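The file input.txt comes next; it holds compact mmCIF, C-alpha atoms.
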```
# COMPACT_ATOMS: atom_id res chain seq x y z
CA MET A 1 0.80 -34.34 -48.28
CA THR A 2 0.00 -35.08 -44.66
CA HIS A 3 -0.95 -32.57 -42.02
CA PRO A 4 -0.42 -32.79 -38.28
CA THR A 5 -3.51 -33.99 -36.44
CA ASP A 6 -5.64 -31.06 -35.34
CA THR A 7 -6.35 -31.54 -31.64
CA GLY A 8 -8.86 -28.73 -31.65
CA VAL A 9 -6.88 -26.85 -29.01
CA ARG A 10 -6.03 -23.29 -29.90
CA ARG A 11 -3.29 -21.91 -27.70
CA ARG A 12 -0.87 -19.07 -28.06
CA ALA A 13 2.18 -18.46 -25.92
CA SER A 14 0.50 -15.31 -24.66
CA ASP A 15 -2.37 -17.36 -23.22
CA ARG A 16 -0.12 -18.76 -20.53
CA PRO A 17 0.31 -16.70 -17.37
CA PRO A 18 3.81 -15.26 -17.36
CA ALA A 19 6.37 -16.99 -15.14
CA LEU A 20 7.18 -14.87 -12.13
CA ALA A 21 10.92 -15.36 -12.57
CA ASP A 22 10.67 -13.60 -15.95
CA LEU A 23 8.95 -10.61 -14.36
CA LEU A 24 10.52 -10.02 -11.00
CA GLY A 25 13.77 -10.73 -9.17
CA GLU A 26 14.66 -10.89 -5.51
CA ALA A 27 16.73 -7.72 -5.82
CA THR A 28 13.63 -5.77 -6.89
CA VAL A 29 11.51 -7.14 -4.05
CA LEU A 30 14.28 -6.32 -1.57
CA GLU A 31 14.63 -2.78 -2.93
CA ILE A 32 10.87 -2.18 -2.72
CA THR A 33 10.77 -3.53 0.85
CA GLU A 34 13.76 -1.41 1.90
CA GLN A 35 12.12 1.73 0.48
CA ALA A 36 8.93 1.00 2.39
CA TRP A 37 10.89 0.44 5.59
CA THR A 38 12.94 3.60 5.29
CA ALA A 39 9.94 5.78 4.55
CA LEU A 40 7.42 4.26 6.94
CA VAL A 41 9.29 2.57 9.76
CA GLY A 42 12.19 5.02 9.98
CA GLU A 43 15.15 6.43 8.09
CA ASP A 44 17.61 4.48 10.21
CA GLU A 45 15.74 1.19 10.05
CA VAL A 46 17.96 -1.22 8.18
CA LEU A 47 16.94 -4.52 6.64
CA VAL A 48 19.79 -7.00 6.54
CA PRO A 49 19.33 -9.53 3.72
CA LEU A 50 20.13 -12.63 5.76
CA PRO A 51 17.86 -15.66 5.89
CA ALA A 52 17.03 -16.92 9.37
CA PRO A 53 14.33 -19.30 10.60
CA LEU A 54 11.05 -17.69 11.56
CA PRO A 55 9.82 -18.34 15.11
CA ALA A 56 7.07 -20.85 15.80
CA VAL A 57 4.38 -18.19 16.18
CA THR A 58 4.19 -15.91 13.17
CA ARG A 59 1.87 -13.29 11.79
CA SER A 60 1.30 -12.68 8.08
CA SER A 61 -0.33 -9.96 6.05
CA TRP A 62 -0.85 -9.96 2.33
CA VAL A 63 -2.45 -8.29 -0.65
CA GLU A 64 -3.67 -9.99 -3.77
CA ILE A 65 -2.73 -8.88 -7.27
CA VAL A 66 -5.08 -9.95 -10.07
CA GLY A 67 -4.05 -9.36 -13.65
CA PRO A 68 -1.80 -10.89 -16.31
CA TRP A 69 0.10 -12.27 -13.30
CA THR A 70 -2.10 -13.25 -10.37
CA GLY A 71 -0.86 -13.99 -6.90
CA THR A 72 -0.20 -12.51 -3.48
CA VAL A 73 2.49 -10.44 -1.81
CA VAL A 74 2.93 -11.83 1.70
CA LEU A 75 4.79 -10.32 4.63
CA THR A 76 5.54 -12.73 7.48
CA CYS A 77 7.31 -12.17 10.78
CA GLY A 78 7.20 -13.37 14.36
CA ALA A 79 4.24 -12.27 16.45
CA ASP A 80 6.54 -10.24 18.74
CA THR A 81 8.21 -8.62 15.75
CA ALA A 82 4.79 -7.61 14.42
CA VAL A 83 4.07 -5.82 17.71
CA GLU A 84 7.47 -4.09 17.63
CA LEU A 85 6.88 -3.04 14.02
CA THR A 86 3.52 -1.54 14.94
CA GLY A 87 5.13 0.49 17.70
CA ALA A 88 7.81 1.69 15.28
CA LEU A 89 5.19 2.77 12.74
CA LEU A 90 3.00 4.60 15.25
CA ARG A 91 5.96 6.11 17.17
CA GLU A 92 4.71 8.63 19.71
CA HIS A 93 1.10 7.77 18.85
CA ALA A 94 1.54 4.14 19.89
CA PRO A 95 -0.67 3.29 22.87
CA ALA A 96 0.99 1.72 25.93
CA VAL A 97 -0.65 -1.59 25.06
CA LEU A 98 -1.18 -2.34 21.39
CA GLU A 99 -4.43 -4.02 20.42
CA ASP A 100 -4.46 -6.89 17.93
CA GLU A 101 -6.41 -4.58 15.63
CA ASP A 102 -3.49 -2.10 15.59
CA VAL A 103 -0.98 -4.84 14.81
CA ASP A 104 -3.15 -6.22 12.00
CA ASP A 105 -3.59 -2.71 10.64
CA ALA A 106 0.15 -1.96 10.70
CA LEU A 107 1.20 -5.26 9.19
CA GLY A 108 -1.54 -5.03 6.58
CA GLU A 109 -0.49 -1.54 5.57
CA LEU A 110 3.14 -2.62 5.13
CA ALA A 111 1.99 -5.47 2.85
CA ASN A 112 -0.22 -2.98 1.02
CA VAL A 113 2.64 -0.57 0.33
CA VAL A 114 5.07 -3.33 -0.71
CA GLY A 115 2.31 -5.01 -2.77
CA GLY A 116 1.35 -1.78 -4.53
CA ASN A 117 4.94 -1.25 -5.60
CA VAL A 118 5.36 -4.88 -6.68
CA LYS A 119 2.19 -4.48 -8.75
CA ALA A 120 3.76 -1.46 -10.44
CA VAL A 121 6.65 -3.52 -11.83
CA LEU A 122 4.43 -6.39 -13.01
CA PRO A 123 2.59 -6.27 -16.34
CA GLY A 124 -0.80 -4.59 -16.18
CA PRO A 125 -3.55 -3.81 -16.09
CA SER A 126 -4.01 -5.45 -12.73
CA VAL A 127 -5.97 -4.86 -9.57
CA LEU A 128 -4.67 -4.72 -6.01
CA GLY A 129 -6.87 -6.15 -3.26
CA LEU A 130 -7.33 -4.85 0.25
CA PRO A 131 -4.82 -6.10 2.83
CA GLU A 132 -5.63 -9.28 4.73
CA VAL A 133 -4.07 -10.65 7.88
CA GLY A 134 -3.93 -14.17 9.23
CA THR A 135 -2.24 -17.48 8.67
CA THR A 136 0.21 -17.41 5.80
CA PRO A 137 -1.68 -18.32 2.62
CA PRO A 138 -0.34 -21.42 0.88
CA ALA A 139 2.01 -20.73 -1.99
CA GLY A 140 2.00 -22.27 -5.44
CA ARG A 141 5.00 -23.85 -7.08
CA GLU A 142 8.39 -22.83 -5.74
CA ALA A 143 9.35 -21.80 -9.27
CA ASN A 144 6.58 -19.21 -9.17
CA THR A 145 7.61 -17.71 -5.84
CA CYS A 146 10.04 -14.88 -5.26
CA ARG A 147 11.01 -14.83 -1.60
CA VAL A 148 13.22 -12.39 0.26
CA ALA A 149 14.38 -13.09 3.81
CA VAL A 150 15.75 -10.26 5.93
CA LEU A 151 16.54 -9.33 9.51
CA TRP A 152 14.96 -6.24 11.04
CA ARG A 153 16.40 -5.32 14.43
CA GLY A 154 17.84 -8.84 14.41
CA GLN A 155 14.44 -10.47 13.92
CA PRO A 156 13.61 -12.56 10.82
CA LEU A 157 11.03 -11.36 8.35
CA THR A 158 10.10 -12.59 4.89
CA VAL A 159 8.44 -11.02 1.87
CA SER A 160 7.08 -13.50 -0.66
CA VAL A 161 5.59 -12.76 -4.04
CA GLN A 162 3.79 -15.99 -4.75
CA SER A 163 1.34 -17.52 -7.16
CA PRO A 164 -1.71 -19.13 -5.60
CA ALA A 165 -1.64 -22.80 -4.66
CA VAL A 166 -3.52 -24.82 -7.27
CA MET B 1 -6.67 25.71 7.16
CA LYS B 2 -8.15 22.28 7.48
CA ILE B 3 -6.91 19.01 5.91
CA LEU B 4 -9.02 15.87 5.69
CA VAL B 5 -6.94 12.66 5.75
CA ALA B 6 -8.84 9.62 4.48
CA ASP B 7 -7.40 6.12 4.82
CA ASP B 8 -8.91 2.89 6.10
CA SER B 9 -5.67 2.22 7.98
CA ARG B 10 -5.41 4.15 11.25
CA VAL B 11 -1.66 3.53 11.21
CA MET B 12 -1.35 5.06 7.75
CA ARG B 13 -3.46 8.07 8.77
CA GLN B 14 -1.00 8.65 11.62
CA ILE B 15 1.95 8.35 9.22
CA VAL B 16 0.36 10.80 6.76
CA ILE B 17 -0.36 13.28 9.57
CA ARG B 18 3.19 12.89 10.92
CA THR B 19 4.65 13.46 7.45
CA LEU B 20 2.50 16.57 7.01
CA ARG B 21 3.95 17.94 10.26
CA GLN B 22 7.50 17.02 9.19
CA ALA B 23 6.92 18.76 5.86
CA GLY B 24 6.12 21.95 7.74
CA TYR B 25 2.33 21.82 7.64
CA ASP B 26 2.05 21.69 11.40
CA ASP B 27 -0.37 24.53 11.99
CA HIS B 28 -3.30 23.03 10.10
CA ASP B 29 -6.35 21.38 11.60
CA ILE B 30 -6.56 17.70 10.71
CA VAL B 31 -9.76 15.73 10.30
CA GLU B 32 -9.64 11.96 9.78
CA ALA B 33 -11.93 9.74 7.69
CA GLU B 34 -11.81 5.95 7.69
CA ASP B 35 -13.08 5.25 4.18
CA GLY B 36 -14.34 7.03 1.07
CA ARG B 37 -17.91 7.25 2.33
CA ASP B 38 -16.75 8.84 5.59
CA ALA B 39 -14.53 11.23 3.60
CA TYR B 40 -17.47 12.25 1.40
CA ASP B 41 -19.64 12.94 4.45
CA LYS B 42 -16.87 14.87 6.22
CA VAL B 43 -16.18 17.08 3.21
CA ARG B 44 -19.82 18.16 3.50
CA SER B 45 -19.79 18.59 7.30
CA GLU B 46 -16.22 19.84 7.91
CA ASN B 47 -15.60 21.85 4.75
CA PRO B 48 -11.84 21.10 4.55
CA ASP B 49 -9.40 23.11 2.41
CA LEU B 50 -7.72 19.94 1.10
CA VAL B 51 -8.47 16.20 1.01
CA LEU B 52 -5.60 13.70 1.10
CA SER B 53 -7.11 10.33 0.32
CA ASP B 54 -6.08 6.72 -0.05
CA TRP B 55 -7.38 5.06 -3.23
CA ASN B 56 -8.18 1.51 -2.23
CA MET B 57 -10.69 1.60 0.64
CA PRO B 58 -13.79 -0.40 1.60
CA ASN B 59 -17.33 1.00 1.22
CA MET B 60 -16.26 3.71 -1.22
CA THR B 61 -12.87 4.02 -2.91
CA GLY B 62 -11.01 7.30 -3.00
CA LEU B 63 -11.76 7.63 -6.70
CA GLU B 64 -15.48 7.03 -6.14
CA CYS B 65 -15.41 9.61 -3.36
CA LEU B 66 -13.78 12.18 -5.64
CA GLU B 67 -16.24 11.46 -8.44
CA ALA B 68 -19.17 11.75 -6.03
CA LEU B 69 -17.83 15.04 -4.69
CA ARG B 70 -17.37 16.52 -8.15
CA GLY B 71 -20.80 15.18 -9.16
CA SER B 72 -22.35 16.99 -6.23
CA GLY B 73 -20.66 20.26 -7.18
CA SER B 74 -17.83 20.20 -4.62
CA ALA B 75 -14.56 21.65 -5.93
CA VAL B 76 -12.54 20.85 -2.79
CA PRO B 77 -8.83 20.42 -3.66
CA PHE B 78 -8.22 16.66 -3.65
CA GLY B 79 -5.02 14.59 -3.80
CA PHE B 80 -4.38 10.88 -3.56
CA VAL B 81 -1.89 9.23 -1.21
CA THR B 82 -1.84 5.63 -2.36
CA SER B 83 0.35 2.56 -2.64
CA GLU B 84 -0.17 2.48 -6.40
CA GLY B 85 1.39 5.12 -8.59
CA SER B 86 1.13 3.70 -12.11
CA ALA B 87 0.73 6.02 -15.10
CA GLU B 88 -2.75 4.57 -15.62
CA MET B 89 -3.85 5.46 -12.09
CA ARG B 90 -2.31 8.91 -12.27
CA GLN B 91 -4.28 9.51 -15.46
CA LYS B 92 -7.51 8.28 -13.86
CA ALA B 93 -6.87 10.51 -10.86
CA ALA B 94 -6.22 13.55 -13.05
CA ASP B 95 -9.28 12.83 -15.22
CA ALA B 96 -11.45 12.73 -12.10
CA GLY B 97 -10.11 16.09 -10.96
CA ALA B 98 -7.33 15.17 -8.51
CA LEU B 99 -4.51 17.69 -8.17
CA PHE B 100 -1.81 15.09 -7.55
CA LEU B 101 -1.08 11.50 -6.63
CA ILE B 102 1.54 10.77 -3.99
CA ALA B 103 2.69 7.15 -4.09
CA LYS B 104 3.45 5.29 -0.87
CA PRO B 105 6.07 5.05 0.44
CA PHE B 106 6.51 8.81 0.51
CA THR B 107 8.83 11.28 2.17
CA GLU B 108 8.29 14.75 3.59
CA GLU B 109 9.95 16.12 0.44
CA THR B 110 7.30 14.42 -1.71
CA PHE B 111 4.63 16.07 0.41
CA ARG B 112 6.28 19.49 0.11
CA GLU B 113 6.62 19.17 -3.68
CA ASN B 114 2.95 18.26 -4.13
CA LEU B 115 1.36 20.51 -1.51
CA GLU B 116 3.33 23.63 -2.39
CA GLY B 117 0.90 25.99 -3.98
CA VAL B 118 -2.11 24.05 -2.77
CA LEU B 119 -1.64 25.02 0.87
CA ALA B 120 -0.22 28.51 0.54
```
Represent the structure from my file as structure tokens, please.
Amino acid sequence: MTHPTDTGVRRRASDRPPALADLLGEATVLEITEQAWTALVGEDEVLVPLPAPLPAVTRSSWVEIVGPWTGTVVLTCGADTAVELTGALLREHAPAVLEDEDVDDALGELANVVGGNVKAVLPGPSVLGLPEVGTTPPAGREANTCRVAVLWRGQPLTVSVQSPAV
Amino acid sequence: MKILVADDSRVMRQIVIRTLRQAGYDDHDIVEAEDGRDAYDKVRSENPDLVLSDWNMPNMTGLECLEALRGSGSAVPFGFVTSEGSAEMRQKAADAGALFLIAKPFTEETFRENLEGVLA
């Protein structure tokens, strides 16, 4: 009786990180983003799920999730849209001229709220990082990215749940 | 009465304060803290009637702040306002002595439901 060659590798299916597509769909990401918008930006603030090209100058914010699934939740919009969003969040408390720090804070907090709710639907236990702002972090494989493109006040905005680039 | 709002995001502190006002708590004094360490210090110096704190903050998290407060003998009513509302975190919050955990995004109704009875 012959036996298969033992390669010495011990691997179970559960050792592999779960595929994002099995955990999360675009509809869920859109719903989470819409809830964040309605509650934080304003009750009448509608997100229209229509893809449109982002402008040349963009601003991104993101939070990292580390756990059975590890990756980032990234919010990206045009630089002008980021300023408009900050004004909408601060409402009557918005200063006449918004500082970069305010815009980073506002965009970071939106990513934080969306990211926290994305984390809640992913398998745990996992840890949510603090929000970061800057150039959009590179994404991993397309198959491990869930991306939602919407229009807010006619301006394009994307939310990506993405595995890290390897 | 005095409410201490702790969040490392100034924008989120403004949103929490605005939601408090919308929920009808517009005659309370508000004190702001920008992280858990600042919140801990301001509980000692300002003696608030309630702390509404974010969880995930630099320097000292909201949970570490609550644990430090309870460890030092403070019984100040404490609730979390955080972007994470998993059952595990709610349990951790309750175990540490938090009265409630409000998950972001929230509405004025959520605030009313959780603060009723705390801010009579």
At a cut-off of 8 Å, can you tabulate as a Markdown table every residue of chain A near chain B together with its closest atom pair and the distance in Å to one decimal, using all atoms listed in the file and ordering rows by chain then number?
```
| residue | atom | partner | partner_atom | distance |
| --- | --- | --- | --- | --- |
| A:Gln35 | CA | B:Pro105 | CA | 6.9 |
| A:Ala36 | CA | B:Pro105 | CA | 5.3 |
| A:Ala39 | CA | B:Pro105 | CA | 5.7 |
| A:Leu40 | CA | B:Pro105 | CA | 6.7 |
| A:Leu89 | CA | B:Val11 | CA | 7.1 |
| A:Leu90 | CA | B:Val11 | CA | 6.3 |
| A:His93 | CA | B:Gln14 | CA | 7.6 |
| A:Asp102 | CA | B:Val11 | CA | 7.4 |
| A:Asp105 | CA | B:Ser9 | CA | 6.0 |
| A:Ala106 | CA | B:Val11 | CA | 5.8 |
| A:Glu109 | CA | B:Ser9 | CA | 6.8 |
| A:Asn112 | CA | B:Ser83 | CA | 6.7 |
| A:Val113 | CA | B:Ser83 | CA | 4.9 |
| A:Val114 | CA | B:Ser83 | CA | 7.8 |
| A:Gly115 | CA | B:Ser83 | CA | 7.8 |
| A:Gly116 | CA | B:Ser83 | CA | 4.8 |
| A:Asn117 | CA | B:Glu84 | CA | 6.4 |
| A:Lys119 | CA | B:Glu84 | CA | 7.7 |
| A:Ala120 | CA | B:Ser86 | CA | 6.0 |
| A:Gly129 | CA | B:Asn56 | CA | 7.8 |
| A:Leu130 | CA | B:Asn56 | CA | 6.9 |
```
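Separating CA of Ala98 in chain B from CA of Arg112 in chain B is a distance of 16.7 Å.
Between CA of Leu101 in chain B and CA of Ser60 in chain A there is a distance of 28.4 Å.
Excluding Ala149 in chain A itself and any same-chain residue fewer than 2 positions from it, the protein and nucleic acid residues within 9 Å of it, counting only C-alpha atoms, are A:Leu30, A:Val48, A:Pro49, A:Leu50, A:Pro51, A:Ala52, A:Arg147, A:Leu151, A:Pro156, A:Leu157, A:Thr158, A:Val159, A:Ser160.
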Selection above as a file: C-alpha atoms, as a JSON list (two decimals), keeping the file's coordinate frame:
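Saved the output as result_15.json:
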```json
[["chain", "number", "residue", "atom", "x", "y", "z"],
["A", 30, "LEU", "CA", 14.28, -6.32, -1.57],
["A", 48, "VAL", "CA", 19.79, -7.00, 6.54],
["A", 49, "PRO", "CA", 19.33, -9.53, 3.72],
["A", 50, "LEU", "CA", 20.13, -12.63, 5.76],
["A", 51, "PRO", "CA", 17.86, -15.66, 5.89],
["A", 52, "ALA", "CA", 17.03, -16.92, 9.37],
["A", 147, "ARG", "CA", 11.01, -14.83, -1.60],
["A", 151, "LEU", "CA", 16.54, -9.33, 9.51],
["A", 156, "PRO", "CA", 13.61, -12.56, 10.82],
["A", 157, "LEU", "CA", 11.03, -11.36, 8.35],
["A", 158, "THR", "CA", 10.10, -12.59, 4.89],
["A", 159, "VAL", "CA", 8.44, -11.02, 1.87],
["A", 160, "SER", "CA", 7.08, -13.50, -0.66]]
```
So which residues fall inside 12 Å of (-17.0, 3.9, -1.3) if we count all atoms listed in the file? Mind giving them as a ChimeraX atom specification? /B:6-8,33-41,53-69
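For the residues B:Arg21, B:Met1, B:Asp26, B:Arg70, ranking by smallest atom-to-atom distance to Glu46 in chain B using all atoms listed in the file places B:Met1 first.
We find CA of Gly108 in chain A and CA of Trp37 in chain A to be spaced 13.6 Å apart.
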Ala21 in chain A proximity check over A:Leu47, A:Cys146, A:Leu107, A:Val63, using all atoms listed in the file: winner is A:Cys146
Which residue is closest to Asp104 in chain A? Choose from A:Pro125, A:Pro18, A:Gly67, A:Pro131 and count all atoms listed in the file. A:Pro131
